[in-house]
Amino acid sequence: MTGKNLFLAFLFYSIFSTSFLSFAQTVHPVERPAVPFLQISPDARTAAMGETGAATTPDANSLHTNPSKLAFLQSTYGFSLAYSPWLKSMVPDMYLSYLSGFYRLSDRNTIGASIRYFSMGEVQLTDAAQQSLGSYRPNDFAIDATIARRFGDSFSIGGSLRYIQSGISTAPLNTGQSGQAATAFAVDFSAYYQAQYQVFEKPTKLSVGLAFSNIGTKMVYAESETPYFLPANARLGLGASFGWQEDSQFSLAFDLNKQLLPTTTTDPINTAIPVAAAIVKSFADAPGGFKEERMEVSMGGGLEYLHQQQFALRAGYLYQNPKKGNYSYLSTGIGFKYQFIDIDLAYLIANQQKNPMGSSLRFTLLLNFK
């Protein structure tokens with residue numbers, strides 16, 4: 001097998017990975033992680049609001065952005081199903097799907113679970129004589145188990161345990177054998193605080209959220225002995241919801257994201273460094289000092305208008321420094337609610353020549369039961 005088609009699969013995966021890291025030429029990019037699909041916010045509401053979610057009002061998709069928010073859900077149980085075509089301008093059959101659910105055990109405790117599945121599309125395989133060896137569909141997936149607990153009426157904490165498997169290395173070889181899938185384990189932990197106020201005689205809720213995600217073991221693919229870090233991330237968010245009219249509200253959200261990965265230099269990165277040490281190192285290892293370290297923080301802002309708890313309009317913007325990835329775009333979205341059913345859609349606005357994420361859609365269906 002020449003590996004030509006397998007190389008294309010890795011190329012697409014690499015392009016997807018660097019969509020978060022290096023669309024623009026960077027002087028000191030952060031280390032490229034394994035399984036970058038874990039960085040994607042799978043639901044349409046988060047995407048439409050500029051990838052903000054640490055301090056927005058909770059829903060079933062909070063398992064991804066901030067698990068501790070689950071403790072403030074009012075429904076007894078619920079589910080969410082999300083789907084997004086991915087890099088559609090480059091690979092027509094690549095997609096991300098997401099299924100999550102929660103169950104409120106008591107007034108203070110809520111549990112949840114989710115599964116994320118990322119398909120890289122069909123890859124055609126050939127041997128040295130260009131004879132077909134068939135095709136395969138490399139994929140990655142992650143399974144989460146979550147628990148959140150509320151303390152009083154304002155504060156909650158939450159955590160998730162995650163199993164991750166990457167099938168990018170399971171391509172059939174010319175011997176008819178398959179490589180072994182790479183696996184890893186990770187944890188998320190988070191906190192959420194909300195408080196009620198009266199602003200201009202209107203009920204107002206202010207919230208703060210903090211989440212650390214994908215803190216876990218390294219991944220080693222069958223074709224290489226090089227260990228890869230997981231896409232560890234720290235997210236800090238602020239949110240505000242204003243009672244605009246009866247049964248209607250206007251919300252603002254703002255998130256900061258810092259990838260907890262070492263900054264690369266001209267020297268090869270030392271992948272043998274322990275995960276904990278790499279996370280600590282990521283806050284102060286940029287060769288340009290604090291000024292360059294600050295460039296590694298991406299910012300997202302979003303707004304949402306919810307009319308009579310039935311129709312939502314959303315918009316947002318995600319910004320990443322041009323010297324640290326330039327992964328920036330505008331986003332819009334709408335949402336519909338009928339009884340226990342919510343339907344959300346998001347559309348990302350970007351120049352496809354600079355960002356393959358441009359003109360992409362995300363769909364989410366939520367079911368909430370009292």
# chains A, B, ... in the order shown; residues from 1 in each chain; ligands from 1

call {"tool": "select_by_dssp", "arguments": {"residues": "range 238-324 of chain A", "states": "helix (DSSP H, G or I)", "output": "list in words"}}
result
Val275, Ala276, Ala277, Ala278, Ile279, Val280, Lys281, Phe290, Lys291, Glu292, Glu293, Arg294, Met295, Pro322, Lys323 and Lys324 of chain A

call {"tool": "residues_around", "arguments": {"residues": "Thr56 in chain A", "least_positions_apart": "5", "cutoff": "10 Å", "atoms": "only C-alpha atoms", "output": "NGL selection string"}}
result
:A and (46 or 49 or 62 or 65-66 or 69 or 192 or 206-209 or 237-241 or 251-255 or 302-304)

call {"tool": "atom_distance", "arguments": {"atom1": "CA of Val220 in chain A", "atom2": "CA of Ala181 in chain A"}}
result
9.0 Å

call {"tool": "closest_residue", "arguments": {"among": "A:Met120, A:Ile334, A:Ala277, A:Ala145", "to": "Ala44 in chain A", "atoms": "only C-alpha atoms"}}
result
A:Ile334

call {"tool": "closest_residue", "arguments": {"among": "A:Ile273, A:Ile279, A:Ile143, A:Leu256", "to": "Met295 in chain A", "atoms": "only C-alpha atoms"}}
result
A:Leu256

call {"tool": "residues_around", "arguments": {"residues": "range 111-119 of chain A", "least_positions_apart": "4", "cutoff": "10 Å", "atoms": "only C-alpha atoms", "output": "ChimeraX atom specification"}}
result
/A:35,37-38,42,60-64,67,70-71,77-86,93-106,137-149,158-168

call {"tool": "closest_residue", "arguments": {"among": "A:Arg108, A:Arg32, A:Lys218, A:Lys205", "to": "Thr183 in chain A", "atoms": "only C-alpha atoms"}}
result
A:Lys218

call {"tool": "closest_residue", "arguments": {"among": "A:Tyr228, A:Phe189, A:Phe242, A:Phe363", "to": "Thr204 in chain A", "atoms": "only C-alpha atoms"}}
result
A:Phe242

call {"tool": "residues_around", "arguments": {"residues": "range 305-307 of chain A", "least_positions_apart": "2", "cutoff": "6 Å", "atoms": "only C-alpha atoms", "output": "list in words"}}
result
Ser248, Gln249, Phe250, Gln309, Gln310, Phe311, Ala312 and Leu313 of chain A

call {"tool": "write_last_selection", "arguments": {"atoms": "N, CA and C atoms", "output": "JSON list (two decimals), in the first residue's frame"}}
result
[["chain", "number", "residue", "atom", "x", "y", "z"],
["A", 248, "SER", "N", -40.08, 36.94, 28.50],
["A", 248, "SER", "CA", -39.03, 37.16, 27.52],
["A", 248, "SER", "C", -37.78, 37.66, 28.23],
["A", 249, "GLN", "N", -36.62, 37.38, 27.63],
["A", 249, "GLN", "CA", -35.39, 37.83, 28.27],
["A", 249, "GLN", "C", -34.30, 38.06, 27.23],
["A", 250, "PHE", "N", -33.35, 38.88, 27.62],
["A", 250, "PHE", "CA", -32.20, 39.21, 26.78],
["A", 250, "PHE", "C", -30.95, 38.80, 27.55],
["A", 309, "GLN", "N", -40.41, 32.70, 25.74],
["A", 309, "GLN", "CA", -39.90, 31.35, 25.99],
["A", 309, "GLN", "C", -40.16, 30.39, 24.82],
["A", 310, "GLN", "N", -40.35, 30.94, 23.61],
["A", 310, "GLN", "CA", -40.67, 30.09, 22.47],
["A", 310, "GLN", "C", -39.77, 30.30, 21.26],
["A", 311, "PHE", "N", -39.27, 31.50, 21.07],
["A", 311, "PHE", "CA", -38.47, 31.80, 19.88],
["A", 311, "PHE", "C", -37.22, 32.55, 20.29],
["A", 312, "ALA", "N", -36.06, 32.12, 19.78],
["A", 312, "ALA", "CA", -34.78, 32.74, 20.16],
["A", 312, "ALA", "C", -34.03, 33.22, 18.93],
["A", 313, "LEU", "N", -33.42, 34.39, 19.07],
["A", 313, "LEU", "CA", -32.48, 34.93, 18.07],
["A", 313, "LEU", "C", -31.12, 35.04, 18.74]]

call {"tool": "atom_distance", "arguments": {"atom1": "CA of Asp285 in chain A", "atom2": "CA of Phe229 in chain A"}}
result
16.0 Å

call {"tool": "atom_distance", "arguments": {"atom1": "CA of Phe155 in chain A", "atom2": "CA of Ser75 in chain A"}}
result
18.2 Å
